[in-house]
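Okay, structure-v4.cif now, which holds mmCIF, C-alpha atoms:
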```
data_structure
loop_
_atom_site.label_atom_id
_atom_site.label_comp_id
_atom_site.auth_asym_id
_atom_site.auth_seq_id
_atom_site.Cartn_x
_atom_site.Cartn_y
_atom_site.Cartn_z
CA MET A 1 158.17 89.87 60.21
CA LEU A 2 155.89 87.39 58.49
CA LEU A 3 158.79 86.28 56.30
CA SER A 4 160.91 85.68 59.41
CA LEU A 5 158.16 83.59 60.99
CA VAL A 6 157.76 81.57 57.77
CA LEU A 7 161.54 80.99 57.67
CA ILE A 8 161.60 79.91 61.32
CA THR A 9 158.69 77.53 60.78
CA LEU A 10 160.16 75.97 57.64
CA SER A 11 163.66 75.76 59.10
CA PHE A 12 162.45 74.29 62.40
CA ARG A 13 160.04 71.77 60.88
CA SER A 14 162.17 70.61 57.94
CA GLY A 15 165.29 69.74 60.00
CA GLU A 16 168.65 68.69 58.59
CA ASP A 17 167.53 67.40 55.18
CA GLY A 18 164.59 69.74 54.61
CA GLN A 19 163.73 72.22 51.87
CA LEU A 20 165.69 75.04 53.44
CA SER A 21 168.91 73.17 54.19
CA GLY A 22 169.99 73.40 50.54
CA VAL A 23 169.30 77.13 50.49
CA GLN A 24 171.16 77.60 53.77
CA SER A 25 174.08 75.50 52.55
CA ALA A 26 174.30 77.58 49.36
CA GLY A 27 174.09 80.82 51.37
CA ALA A 28 176.79 79.65 53.77
CA THR A 29 179.00 78.71 50.82
CA VAL A 30 178.59 82.17 49.27
CA LEU A 31 179.36 83.88 52.60
CA LYS A 32 182.33 81.65 53.47
CA PRO A 33 185.00 83.66 51.53
CA PHE A 34 183.87 86.86 53.28
CA ALA A 35 183.99 85.16 56.68
CA VAL A 36 187.46 83.77 55.99
CA GLY A 37 188.59 87.24 54.84
CA PHE A 38 187.27 88.93 57.99
CA GLU A 39 188.82 86.19 60.13
CA ARG A 40 192.24 86.74 58.50
CA LEU A 41 191.92 90.49 59.03
CA ALA A 42 191.08 89.99 62.69
CA GLN A 43 193.79 87.41 63.40
CA PRO A 44 196.73 89.86 63.94
CA PHE A 45 194.62 91.86 66.44
CA ARG A 46 193.56 88.67 68.21
CA ASP A 47 197.20 87.49 68.37
CA THR A 48 198.35 90.84 69.76
CA TYR A 49 195.66 90.73 72.46
CA GLU A 50 196.57 87.18 73.45
CA TRP A 51 200.31 88.04 73.46
CA ALA A 52 199.71 91.03 75.75
CA ASP A 53 197.48 88.95 77.99
CA SER A 54 200.07 86.15 78.22
CA LEU A 55 202.79 88.63 79.30
CA LEU A 56 200.83 89.43 82.44
CA THR A 57 200.66 85.81 83.55
CA ALA A 58 203.97 84.53 82.11
CA ARG A 59 205.89 84.01 85.38
CA SER A 60 203.16 82.17 87.29
CA GLU A 61 202.33 80.16 84.16
CA ALA A 62 205.98 79.06 83.80
CA ASP A 63 206.11 77.88 87.44
CA ARG A 64 202.88 75.96 87.00
CA LEU A 65 204.09 74.34 83.77
CA ARG A 66 207.42 73.26 85.38
CA ALA A 67 205.55 71.49 88.18
CA GLU A 68 203.14 69.94 85.69
CA ASN A 69 206.05 68.77 83.54
CA ARG A 70 207.64 66.92 86.47
CA GLU A 71 204.35 65.21 87.26
CA LEU A 72 203.69 64.30 83.61
CA ARG A 73 207.18 62.79 83.24
CA GLN A 74 206.45 60.44 86.13
CA ARG A 75 203.05 59.58 84.67
CA ALA A 76 204.57 58.87 81.24
CA PHE A 77 206.81 56.16 82.71
CA GLN A 78 203.85 54.61 84.53
CA SER A 79 201.69 54.79 81.38
CA GLU A 80 204.38 53.16 79.24
CA PHE A 81 204.59 50.31 81.71
CA ALA A 82 200.79 49.93 81.82
CA LEU A 83 200.58 50.03 78.02
CA GLN A 84 203.06 47.20 77.61
CA GLU A 85 201.23 45.14 80.22
CA ASN A 86 197.89 45.89 78.51
CA GLU A 87 199.19 44.82 75.08
CA TYR A 88 200.49 41.59 76.55
CA LEU A 89 197.16 40.79 78.26
CA ARG A 90 195.16 41.60 75.13
CA GLY A 91 197.34 39.23 73.18
CA LEU A 92 196.44 36.44 75.58
CA GLN A 93 192.71 36.66 74.81
CA ASP A 94 190.56 37.42 71.77
CA TYR A 95 189.68 40.97 72.81
CA ILE A 96 187.35 43.02 70.57
CA ASP A 97 187.62 46.75 71.18
CA GLY A 98 185.50 49.73 70.12
CA PRO A 99 186.86 52.64 68.03
CA ARG A 100 189.88 54.23 69.67
CA PHE A 101 191.13 57.77 69.57
CA PRO A 102 193.23 58.73 67.65
CA ASP A 103 194.10 55.47 65.85
CA ASP A 104 190.68 54.74 64.30
CA PHE A 105 190.00 58.29 63.13
CA GLN A 106 191.36 60.46 60.39
CA PRO A 107 191.30 64.09 61.54
CA VAL A 108 190.11 66.87 59.24
CA SER A 109 191.66 70.14 60.37
CA ALA A 110 189.59 73.26 59.80
CA GLU A 111 189.74 76.96 60.55
CA VAL A 112 187.09 78.50 62.81
CA ILE A 113 185.26 81.16 60.80
CA SER A 114 182.44 82.13 63.14
CA ARG A 115 181.98 82.08 66.90
CA PRO A 116 179.05 81.81 69.32
CA ALA A 117 176.49 84.58 68.78
CA GLY A 118 174.68 85.63 71.94
CA ALA A 119 173.97 83.83 75.19
CA PHE A 120 171.62 81.30 73.64
CA THR A 121 173.95 78.97 71.77
CA GLN A 122 177.53 77.91 72.28
CA ALA A 123 178.57 76.98 68.76
CA ILE A 124 181.24 77.69 66.16
CA VAL A 125 181.28 77.37 62.39
CA ILE A 126 184.30 75.83 60.66
CA ALA A 127 185.56 76.12 57.08
CA ALA A 128 185.08 72.44 56.17
CA GLY A 129 181.93 70.48 55.41
CA SER A 130 180.44 67.42 53.74
CA ARG A 131 182.94 67.72 50.86
CA ASN A 132 185.67 66.91 53.38
CA GLY A 133 183.86 63.82 54.65
CA ILE A 134 182.35 65.49 57.72
CA ARG A 135 178.95 64.24 58.90
CA VAL A 136 176.55 65.17 61.71
CA ASP A 137 177.63 63.83 65.14
CA ASP A 138 181.35 63.58 64.28
CA PRO A 139 183.42 64.41 67.38
CA VAL A 140 185.57 67.55 67.34
CA VAL A 141 188.83 68.03 69.27
CA ASN A 142 191.85 70.29 69.38
CA ALA A 143 195.35 69.83 70.81
CA ASP A 144 194.02 70.32 74.37
CA GLY A 145 191.03 67.99 74.33
CA LEU A 146 187.36 67.59 73.45
CA VAL A 147 185.69 70.60 71.82
CA GLY A 148 182.23 69.26 70.92
CA ARG A 149 180.40 67.57 68.05
CA VAL A 150 179.13 68.44 64.58
CA THR A 151 175.43 69.38 64.60
CA ARG A 152 174.86 70.75 61.07
CA VAL A 153 176.78 70.26 57.85
CA ALA A 154 176.76 72.31 54.65
CA SER A 155 178.92 71.48 51.65
CA ARG A 156 181.84 73.71 52.69
CA THR A 157 181.03 74.65 56.29
CA ALA A 158 179.87 72.86 59.43
CA ARG A 159 178.41 73.95 62.75
CA ILE A 160 179.97 72.58 65.93
CA GLN A 161 178.06 72.46 69.21
CA LEU A 162 180.60 73.26 71.94
CA LEU A 163 180.84 71.25 75.12
CA THR A 164 179.78 74.40 76.98
CA ASP A 165 176.36 74.46 75.25
CA GLN A 166 173.36 73.75 77.48
CA GLY A 167 172.33 70.88 75.21
CA ALA A 168 175.70 69.09 75.21
CA ALA A 169 176.39 66.00 77.34
CA VAL A 170 179.23 63.46 77.20
CA SER A 171 179.65 60.19 79.07
CA ALA A 172 182.95 60.42 80.92
CA ILE A 173 185.12 58.72 83.51
CA ASP A 174 187.53 59.86 86.18
CA LEU A 175 190.83 58.43 84.92
CA ARG A 176 192.23 57.61 88.39
CA THR A 177 189.19 55.91 89.95
CA ARG A 178 187.26 54.89 86.77
CA ALA A 179 184.19 56.54 88.35
CA GLU A 180 181.56 57.15 85.66
CA GLY A 181 179.42 60.20 85.08
CA ILE A 182 178.09 62.61 82.48
CA VAL A 183 179.92 65.83 81.68
CA ARG A 184 177.59 68.70 80.96
CA HIS A 185 177.55 72.47 81.18
CA ALA A 186 177.34 73.98 84.68
CA ARG A 187 174.22 76.11 84.93
CA GLY A 188 174.78 79.82 85.13
CA THR A 189 178.43 79.98 84.16
CA ARG A 190 179.90 80.26 80.71
CA GLU A 191 182.85 77.88 80.65
CA THR A 192 182.59 75.55 83.64
CA LEU A 193 181.56 71.92 83.30
CA VAL A 194 180.19 69.45 85.83
CA LEU A 195 180.67 65.71 86.05
CA ASP A 196 177.13 64.70 86.89
CA ARG A 197 175.72 61.41 88.22
CA VAL A 198 178.86 60.31 90.07
CA ARG A 199 178.03 57.91 92.91
CA LYS A 200 178.76 59.05 96.46
CA GLN A 201 180.99 56.07 97.19
CA ASP A 202 183.44 57.01 94.41
CA VAL A 203 186.37 58.94 95.84
CA ILE A 204 187.03 61.76 93.39
CA LYS A 205 189.88 64.15 94.17
CA ARG A 206 190.74 67.62 93.01
CA GLY A 207 193.13 67.47 90.03
CA ASP A 208 191.85 64.12 88.72
CA ASP A 209 191.75 63.88 84.92
CA VAL A 210 188.36 63.37 83.24
CA VAL A 211 188.22 61.70 79.81
CA THR A 212 185.48 60.43 77.51
CA ALA A 213 184.12 56.99 78.46
CA GLY A 214 183.21 55.79 74.96
CA TRP A 215 180.68 53.23 76.23
CA ARG A 216 178.96 50.58 74.10
CA ALA A 217 175.83 48.78 75.31
CA SER A 218 172.89 46.96 73.71
CA GLY A 219 173.83 48.00 70.19
CA LEU A 220 174.11 51.65 71.19
CA SER A 221 177.38 53.49 71.60
CA SER A 222 178.62 56.89 72.66
CA LEU A 223 179.23 59.42 69.88
CA TYR A 224 182.69 60.06 71.31
CA PRO A 225 185.51 57.51 71.27
CA LYS A 226 187.06 56.73 74.62
CA GLY A 227 190.12 58.44 75.99
CA ILE A 228 189.67 62.03 74.74
CA PRO A 229 190.77 64.44 77.51
CA ILE A 230 188.00 66.75 78.75
CA GLY A 231 189.39 68.51 81.81
CA ASP A 232 190.49 68.14 85.41
CA VAL A 233 188.42 68.17 88.58
CA SER A 234 188.42 71.62 90.18
CA SER A 235 186.13 70.93 93.15
CA VAL A 236 184.16 68.08 94.73
CA GLY A 237 181.18 68.48 97.00
CA GLN A 238 178.21 66.54 98.30
CA THR A 239 175.22 67.08 100.52
CA ASP A 240 173.16 64.59 102.52
CA THR A 241 170.08 65.18 100.38
CA ASP A 242 171.75 64.80 96.95
CA LEU A 243 171.90 61.37 95.36
CA PHE A 244 175.14 62.13 93.54
CA GLN A 245 178.35 64.08 94.12
CA GLN A 246 178.78 67.60 92.77
CA VAL A 247 181.99 67.50 90.74
CA GLN A 248 183.14 70.61 88.88
CA VAL A 249 185.45 70.13 85.92
CA ASP A 250 187.78 72.77 84.54
CA PRO A 251 187.98 72.08 80.76
CA TYR A 252 191.39 71.80 79.12
CA VAL A 253 190.09 73.57 76.01
CA ASP A 254 189.93 77.34 76.04
CA PHE A 255 186.55 77.73 74.32
CA GLY A 256 186.99 81.50 74.07
CA SER A 257 189.98 81.38 71.73
CA LEU A 258 189.41 78.55 69.30
CA ASP A 259 191.22 79.26 66.02
CA ALA A 260 191.31 75.79 64.49
CA VAL A 261 189.88 72.37 65.36
CA LEU A 262 190.14 68.75 64.24
CA VAL A 263 187.00 66.88 63.19
CA LEU A 264 187.44 63.15 63.82
CA VAL A 265 186.18 61.32 60.75
CA PRO A 266 186.10 57.53 61.21
CA THR A 267 188.83 55.86 59.13
CA GLU A 268 186.24 53.38 57.77
CA ARG A 269 184.29 56.25 56.16
CA ARG A 270 187.37 57.82 54.54
CA ARG A 271 188.43 54.48 53.09
CA PRO A 272 187.44 54.31 49.36
CA MET B 1 166.00 106.83 50.26
CA THR B 2 168.00 107.11 47.05
CA GLY B 3 169.62 104.12 45.36
CA GLY B 4 173.04 105.15 46.65
CA ALA B 5 171.81 105.46 50.22
CA ILE B 6 170.16 102.04 50.06
CA LEU B 7 173.39 100.53 48.74
CA ARG B 8 175.49 102.20 51.45
CA ALA B 9 173.08 101.11 54.18
CA SER B 10 173.14 97.53 52.84
CA VAL B 11 176.95 97.49 52.84
CA VAL B 12 177.00 98.85 56.41
CA VAL B 13 174.61 96.08 57.56
CA PHE B 14 176.56 93.37 55.72
CA VAL B 15 179.90 94.47 57.20
CA ALA B 16 178.34 94.72 60.69
CA ALA B 17 176.83 91.22 60.34
CA MET B 18 180.17 89.72 59.28
CA LEU B 19 182.05 91.54 62.05
CA GLN B 20 179.47 90.36 64.59
CA ALA B 21 179.59 86.70 63.53
CA VAL B 22 183.35 86.46 62.99
CA ILE B 23 184.94 88.78 65.56
CA VAL B 24 182.71 90.72 67.94
CA SER B 25 180.72 87.81 69.39
CA SER B 26 183.97 86.28 70.70
CA LEU B 27 184.96 89.46 72.56
CA VAL B 28 183.51 88.27 75.87
CA ILE B 29 183.95 90.87 78.59
CA GLY B 30 182.52 90.16 82.04
CA GLY B 31 180.44 87.26 80.74
CA GLY B 32 178.80 89.01 77.80
CA ALA B 33 179.75 90.24 74.34
CA PRO B 34 178.68 93.42 72.55
CA ASP B 35 176.02 93.14 69.84
CA LEU B 36 177.39 95.40 67.13
CA LEU B 37 174.81 94.35 64.54
CA LEU B 38 171.91 95.22 66.87
CA VAL B 39 173.41 98.67 67.54
CA VAL B 40 173.94 99.27 63.80
CA VAL B 41 170.35 98.22 62.98
CA ILE B 42 169.01 100.52 65.71
CA ALA B 43 171.11 103.39 64.33
CA LEU B 44 169.77 102.76 60.83
CA GLY B 45 166.21 102.61 62.15
CA LEU B 46 166.72 105.95 63.91
CA LEU B 47 168.24 107.55 60.82
CA ARG B 48 166.11 106.01 58.06
CA GLY B 49 162.76 105.24 59.67
CA SER B 50 160.82 102.18 60.71
CA ILE B 51 160.37 100.47 57.34
CA ALA B 52 164.02 100.80 56.32
CA GLY B 53 165.09 99.73 59.83
CA ALA B 54 162.92 96.62 59.68
CA VAL B 55 164.10 95.63 56.17
CA LEU B 56 167.79 96.19 56.99
CA GLY B 57 167.37 94.34 60.30
CA PHE B 58 165.86 91.39 58.47
CA ALA B 59 168.73 91.37 55.96
CA GLY B 60 171.41 91.57 58.66
CA GLY B 61 169.79 88.78 60.67
CA LEU B 62 169.52 86.60 57.59
CA VAL B 63 173.27 86.98 56.91
CA VAL B 64 174.06 85.90 60.50
CA ASP B 65 171.64 82.96 60.36
CA LEU B 66 173.08 81.78 57.03
CA LEU B 67 176.69 82.14 58.16
CA THR B 68 176.27 80.44 61.53
CA LEU B 69 174.00 77.66 60.15
CA GLY B 70 171.48 78.54 62.86
CA THR B 71 167.70 78.23 62.63
CA LEU B 72 166.84 80.51 59.71
CA GLY B 73 164.73 83.52 60.65
CA VAL B 74 165.45 83.71 64.40
CA THR B 75 168.02 86.52 64.31
CA SER B 76 166.10 88.10 61.41
CA LEU B 77 162.91 88.31 63.48
CA VAL B 78 164.66 89.87 66.49
CA LEU B 79 166.48 92.43 64.33
CA THR B 80 163.41 93.21 62.19
CA LEU B 81 161.52 94.19 65.32
CA ALA B 82 164.55 96.08 66.69
CA GLY B 83 164.91 98.14 63.49
CA PHE B 84 161.18 98.81 63.35
CA TRP B 85 160.95 99.87 67.03
CA ALA B 86 163.95 102.19 66.65
CA GLY B 87 162.39 103.78 63.55
CA ARG B 88 159.00 104.26 65.23
CA TYR B 89 160.67 105.80 68.26
CA MET B 90 162.41 108.42 66.12
CA GLU B 91 159.22 109.07 64.10
CA THR B 92 157.24 109.75 67.28
CA THR B 93 158.66 110.69 70.70
CA GLY B 94 162.39 110.49 70.01
CA ARG B 95 162.56 113.27 67.42
CA GLY B 96 165.02 115.98 68.41
CA ARG B 97 166.39 114.22 71.50
CA ARG B 98 170.18 114.24 71.62
CA LEU B 99 170.41 111.07 73.66
CA ALA B 100 167.85 109.18 71.58
CA PRO B 101 170.48 106.66 70.28
CA VAL B 102 171.60 105.77 73.82
CA LEU B 103 168.04 105.45 75.09
CA ALA B 104 166.96 103.37 72.09
CA VAL B 105 169.99 101.06 72.33
CA GLY B 106 169.44 100.56 76.08
CA VAL B 107 165.74 99.74 75.86
CA ILE B 108 165.93 97.67 72.67
CA THR B 109 168.94 95.64 73.91
CA VAL B 110 166.94 94.57 76.97
CA LEU B 111 163.78 93.88 74.93
CA ALA B 112 165.76 91.96 72.27
CA GLY B 113 167.44 89.89 75.00
CA VAL B 114 164.13 88.96 76.62
CA PHE B 115 162.43 88.33 73.25
CA GLY B 116 165.39 86.23 72.05
CA PHE B 117 165.24 84.18 75.25
CA VAL B 118 161.49 83.54 74.82
CA LEU B 119 161.94 82.68 71.14
CA HIS B 120 164.73 80.18 71.84
CA TYR B 121 162.72 78.69 74.70
CA LEU B 122 159.74 78.20 72.37
CA LEU B 123 162.02 76.51 69.83
CA GLY B 124 163.17 74.04 72.48
CA VAL B 125 166.71 75.39 72.97
CA GLU B 126 167.95 74.75 76.52
CA VAL B 127 168.82 78.17 77.94
CA VAL B 128 169.26 79.04 81.60
CA ALA B 129 167.18 82.16 82.31
CA ARG B 130 169.62 83.55 84.89
CA HIS B 131 172.52 83.27 82.46
CA ALA B 132 170.65 84.67 79.45
CA LEU B 133 168.83 87.49 81.24
CA LEU B 134 171.38 88.52 83.88
CA THR B 135 174.91 87.13 83.52
CA ALA B 136 175.16 87.72 79.77
CA LEU B 137 172.61 90.48 79.20
CA ALA B 138 173.97 92.95 81.78
CA PRO B 139 177.49 93.22 80.27
CA THR B 140 176.01 93.20 76.75
CA LEU B 141 173.77 96.11 77.71
CA LEU B 142 176.71 98.06 79.12
CA LEU B 143 178.90 97.38 76.07
CA ASN B 144 176.08 98.26 73.65
CA LEU B 145 175.49 101.53 75.51
CA LEU B 146 179.19 102.34 75.16
CA LEU B 147 178.98 101.61 71.44
CA ALA B 148 175.74 103.54 70.89
CA LEU B 149 177.00 107.07 70.21
CA PRO B 150 180.20 106.23 68.22
CA VAL B 151 178.36 103.66 66.07
CA TYR B 152 175.45 106.07 65.52
CA ALA B 153 177.87 108.78 64.37
CA LEU B 154 179.70 106.34 62.09
CA VAL B 155 176.49 105.00 60.56
CA ARG B 156 175.14 108.54 60.08
CA ALA B 157 178.34 109.54 58.26
CA SER B 158 178.15 106.40 56.11
CA VAL B 159 174.54 106.71 54.97
CA ARG B 160 174.25 110.49 54.82
CA GLU B 161 172.63 111.78 51.64
CA PRO B 162 174.95 114.11 49.67
CA GLU B 163 173.91 117.76 49.53
CA ARG B 164 171.97 118.55 46.37
CA LEU B 165 173.82 121.02 44.18
CA ASP B 166 170.95 121.98 41.90
CA ARG B 167 169.06 123.83 44.61
CA SER B 168 168.64 127.57 44.00
CA PRO B 169 170.21 129.58 46.86
CA GLY B 170 167.45 132.17 46.80
CA VAL B 171 164.54 133.62 44.88
CA GLU B 172 165.40 135.80 41.93
CA ALA B 173 162.93 138.16 40.36
CA LEU B 174 163.14 138.00 36.62
CA VAL B 175 162.06 141.06 34.75
#
```

Since I need it in another form, could you write the structure as structure tokens?
Amino acid sequence: MLLSLVLITLSFRSGEDGQLSGVQSAGATVLKPFAVGFERLAQPFRDTYEWADSLLTARSEADRLRAENRELRQRAFQSEFALQENEYLRGLQDYIDGPRFPDDFQPVSAEVISRPAGAFTQAIVIAAGSRNGIRVDDPVVNADGLVGRVTRVASRTARIQLLTDQGAAVSAIDLRTRAEGIVRHARGTRETLVLDRVRKQDVIKRGDDVVTAGWRASGLSSLYPKGIPIGDVSSVGQTDTDLFQQVQVDPYVDFGSLDAVLVLVPTERRRP
Amino acid sequence: MTGGAILRASVVVFVAAMLQAVIVSSLVIGGGAPDLLLVVVIALGLLRGSIAGAVLGFAGGLVVDLLTLGTLGVTSLVLTLAGFWAGRYMETTGRGRRLAPVLAVGVITVLAGVFGFVLHYLLGVEVVARHALLTALAPTLLLNLLLALPVYALVRASVREPERLDRSPGVEALV
């Protein structure tokens, strides 16, 4: 028990670059092959479970996807038009932009080897680390959208804080209205997010897309580049006493079945 | 404990820790996931006593903390106490009770949940009490109780000492 308390004290006080981080990094490196082995063993069972689960919802899912496809086709035409107009306007003035996703990042793809343990932390561990150019605070995405950010890095593994963790917060905007807010975990539920601090005069509607804002101000900037999809608005509410609207966001990422993720390493850092 | 029994118990704890970190913690049912490692440590405490339970709990927790790059010692401390409590229970009032594994798993799961919550709170981790102590703990308790007897039987079979063959079956009078 005393040893545990000593470890907690040293680990807590020393932080990222402390005495114990080297020991922990070495331990994680030794355990990584076992974790990868167990993950590979479990994958067929996980796939079978997901296949069986998808069979139950296949018909309704297909109908939903057809409707979504029609809507997305219309949006693609509108976006193409807006993009061309945007490029033209940028060319007219000397416009300096911040880092953009995905152009200014080189993704490092990595397998998930460990998942959240217990109700206290929402985190995963991936099979890539500082040797692959990953650093603390690098954003993490998958094909569906924003997953979280890197909070600890060992030489061959890294810990990712998920967006559903109580300590996670991301500046975000409603894509349709440009209303700004902060996406954070909804208290009490496991995988629901809220768009906090949205002004009452902003007209947010159900189904609106929410993406990262990627702000830059007074020499400070958001950890996340702008334009990474986060989720869509599932409900909007407000009361007379609240200063802000209560906007619930349904994340695009299924945090319960993450198999692989992409860590966005800035292109400048990868450049020799 | 013999050398072989210690080795077998260590392997059981290591496998349980890896399974917990890699697979079991993602099996979320009703808002909570089973804690296989906790159940295994309790079973080892019941079978091998308080000291062995505490040491094996510490080792299992250390493996999880190393693998998940969490704060070193947190899981170790919770599991050290869990293994010790389980061992003390069997050494005192639990001896001879058939449902001792279920009772121990039930009580220790709740205590470990509350203690873990307090520990994380003291370390500055933002945790919502309602989620940690009700939404997640209730299903975890139920799932751990379901695991209690099968895991106890499996652990008992894994760490059982082989029968000694050199024992004399009876007393012989030599003339």

Worksheet item: Given the choices B:Ala16, B:Ala43, B:Leu67, B:Leu7, which gets closest to chain A if the distance is worked out from all atoms listed in the file?
Response: B:Leu67

Worksheet item: Any idea what's packed within 12 Å of Phe117 in chain B, counting only C-alpha atoms, ignoring anything in its chain fewer than 3 positions away? Could you give it as a PyMOL selection string?
Response: (chain A and resi 118-121) or (chain B and resi 74-75+78+110-114+120-134+136-137)

Practice prompt. Please indicate the distance in Å from CA of Thr68 in chain B to CA of Val12 in chain B, rounded to one decimal place.
Written response: 19.1 Å

Quick one: residues within 8 Å of (176.4, 99.0, 65.2) (file frame), counting only C-alpha atoms, please, as a short mmCIF file (atom, residue, chain, number, x, y, z; two decimals) with C-alpha atoms, keeping the file's coordinate frame.
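As a result, part.cif now contains:
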```cif
data_model
loop_
_atom_site.label_atom_id
_atom_site.label_comp_id
_atom_site.auth_asym_id
_atom_site.auth_seq_id
_atom_site.Cartn_x
_atom_site.Cartn_y
_atom_site.Cartn_z
CA ALA B 16 178.34 94.72 60.69
CA ASP B 35 176.02 93.14 69.84
CA LEU B 36 177.39 95.40 67.13
CA LEU B 37 174.81 94.35 64.54
CA LEU B 38 171.91 95.22 66.87
CA VAL B 39 173.41 98.67 67.54
CA VAL B 40 173.94 99.27 63.80
CA VAL B 41 170.35 98.22 62.98
CA ILE B 42 169.01 100.52 65.71
CA ALA B 43 171.11 103.39 64.33
CA LEU B 147 178.98 101.61 71.44
CA ALA B 148 175.74 103.54 70.89
CA VAL B 151 178.36 103.66 66.07
CA TYR B 152 175.45 106.07 65.52
CA VAL B 155 176.49 105.00 60.56
#
```

Worksheet item: Which of these residues is nearest to chain B, using all atoms listed in the file: A:Arg131, A:Arg159, A:Arg64, A:Arg178?
Response: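 Ranking A:Arg131, A:Arg159, A:Arg64, A:Arg178 by distance to chain B, first place goes to A:Arg159.
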
Discussion item. Can you measure CA of Thr71 in chain B to CA of Gly106 in chain B for me? One decimal in Å is fine.
Written reply: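 So the two atoms, CA of Thr71 in chain B and CA of Gly106 in chain B, lie 26.1 Å apart.
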
Discussion item. Based on all atoms listed in the file, which of the residues in chain A come within 8 Å of chain B? I want them as JSON, numbers by chain.
Written reply: {"A": [1, 3, 4, 5, 6, 7, 8, 11, 12, 24, 25, 27, 28, 31, 32, 34, 35, 38, 39, 42, 113, 114, 115, 116, 117, 118, 119, 120, 124, 125, 152, 158, 159, 166, 167, 187, 188, 189, 190, 256, 257]}

Same residues, C-alpha atoms, output as a CSV table (one decimal), in the frame of the given file:
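And here is the file that came out, selection.csv:
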```
chain,number,residue,atom,x,y,z
A,1,MET,CA,158.2,89.9,60.2
A,3,LEU,CA,158.8,86.3,56.3
A,4,SER,CA,160.9,85.7,59.4
A,5,LEU,CA,158.2,83.6,61.0
A,6,VAL,CA,157.8,81.6,57.8
A,7,LEU,CA,161.5,81.0,57.7
A,8,ILE,CA,161.6,79.9,61.3
A,11,SER,CA,163.7,75.8,59.1
A,12,PHE,CA,162.4,74.3,62.4
A,24,GLN,CA,171.2,77.6,53.8
A,25,SER,CA,174.1,75.5,52.6
A,27,GLY,CA,174.1,80.8,51.4
A,28,ALA,CA,176.8,79.6,53.8
A,31,LEU,CA,179.4,83.9,52.6
A,32,LYS,CA,182.3,81.6,53.5
A,34,PHE,CA,183.9,86.9,53.3
A,35,ALA,CA,184.0,85.2,56.7
A,38,PHE,CA,187.3,88.9,58.0
A,39,GLU,CA,188.8,86.2,60.1
A,42,ALA,CA,191.1,90.0,62.7
A,113,ILE,CA,185.3,81.2,60.8
A,114,SER,CA,182.4,82.1,63.1
A,115,ARG,CA,182.0,82.1,66.9
A,116,PRO,CA,179.0,81.8,69.3
A,117,ALA,CA,176.5,84.6,68.8
A,118,GLY,CA,174.7,85.6,71.9
A,119,ALA,CA,174.0,83.8,75.2
A,120,PHE,CA,171.6,81.3,73.6
A,124,ILE,CA,181.2,77.7,66.2
A,125,VAL,CA,181.3,77.4,62.4
A,152,ARG,CA,174.9,70.8,61.1
A,158,ALA,CA,179.9,72.9,59.4
A,159,ARG,CA,178.4,74.0,62.8
A,166,GLN,CA,173.4,73.8,77.5
A,167,GLY,CA,172.3,70.9,75.2
A,187,ARG,CA,174.2,76.1,84.9
A,188,GLY,CA,174.8,79.8,85.1
A,189,THR,CA,178.4,80.0,84.2
A,190,ARG,CA,179.9,80.3,80.7
A,256,GLY,CA,187.0,81.5,74.1
A,257,SER,CA,190.0,81.4,71.7
```

Practice prompt. List the residues matched by the PyMOL selection byres ((chain A and resi 247) around 7) in the displayed structure as JSON, numbers by chain, ordered by chain and then by residue number.
Written response: {"A": [194, 195, 196, 233, 235, 236, 237, 245, 246, 248, 249]}

Practice prompt. Just the residues within 10 Å of range 97-100 of chain B, please, counting all atoms listed in the file, with nothing from its chain fewer than 3 positions along; format it as a list in words.
Written response: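 Neighbouring residues, sequence-local ones excluded: Ala43, Leu46, Ala86, Tyr89, Met90, Thr93, Gly94, Leu103, Ala104, Val105, Gly106, Ala148 and Leu149 of chain B.
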
Please, could you write that set of residues out with C-alpha atoms as a CSV table (one decimal), in the frame of the given file?
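Saved to selection_22.csv:
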```
chain,number,residue,atom,x,y,z
B,43,ALA,CA,171.1,103.4,64.3
B,46,LEU,CA,166.7,106.0,63.9
B,86,ALA,CA,164.0,102.2,66.6
B,89,TYR,CA,160.7,105.8,68.3
B,90,MET,CA,162.4,108.4,66.1
B,93,THR,CA,158.7,110.7,70.7
B,94,GLY,CA,162.4,110.5,70.0
B,103,LEU,CA,168.0,105.4,75.1
B,104,ALA,CA,167.0,103.4,72.1
B,105,VAL,CA,170.0,101.1,72.3
B,106,GLY,CA,169.4,100.6,76.1
B,148,ALA,CA,175.7,103.5,70.9
B,149,LEU,CA,177.0,107.1,70.2
```

Worksheet item: So how many Å separate CA of Ala169 in chain A and CA of Leu193 in chain A, to one decimal?
Response: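 CA of Leu193 in chain A lies at a distance of 9.9 Å from CA of Ala169 in chain A.
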
Fill in: Among listed residues A:Phe255, A:Ile204, A:Gln78, A:Ser130, nearest Asp165 in chain A (using all atoms listed in the file)
A:Phe255

Practice prompt. For the structure provided, state which residues fall under the PyMOL selection byres ((chain A and resi 110) around 9), and present them as a list of chain:residue names.
Written response: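 Output from the PyMOL selection byres ((chain A and resi 110) around 9), applied to this file: A:Val108, A:Ser109, A:Glu111, A:Val112, A:Ile126, A:Ala127, A:Ala128, A:Asp259, A:Ala260, A:Val261, A:Leu262, A:Val263.
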
Worksheet entry | Contacts of Arg160 in chain B at 12 Å (only C-alpha atoms; same-chain gap of 6+ positions) as a list of chain:residue names |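 Everything that qualifies: B:Met1, B:Thr2, B:Gly4, B:Ala5, B:Ile6, B:Leu7, B:Arg8, B:Ala9, B:Leu44, B:Leu47, B:Arg48, B:Tyr152, B:Ala153, B:Leu154.
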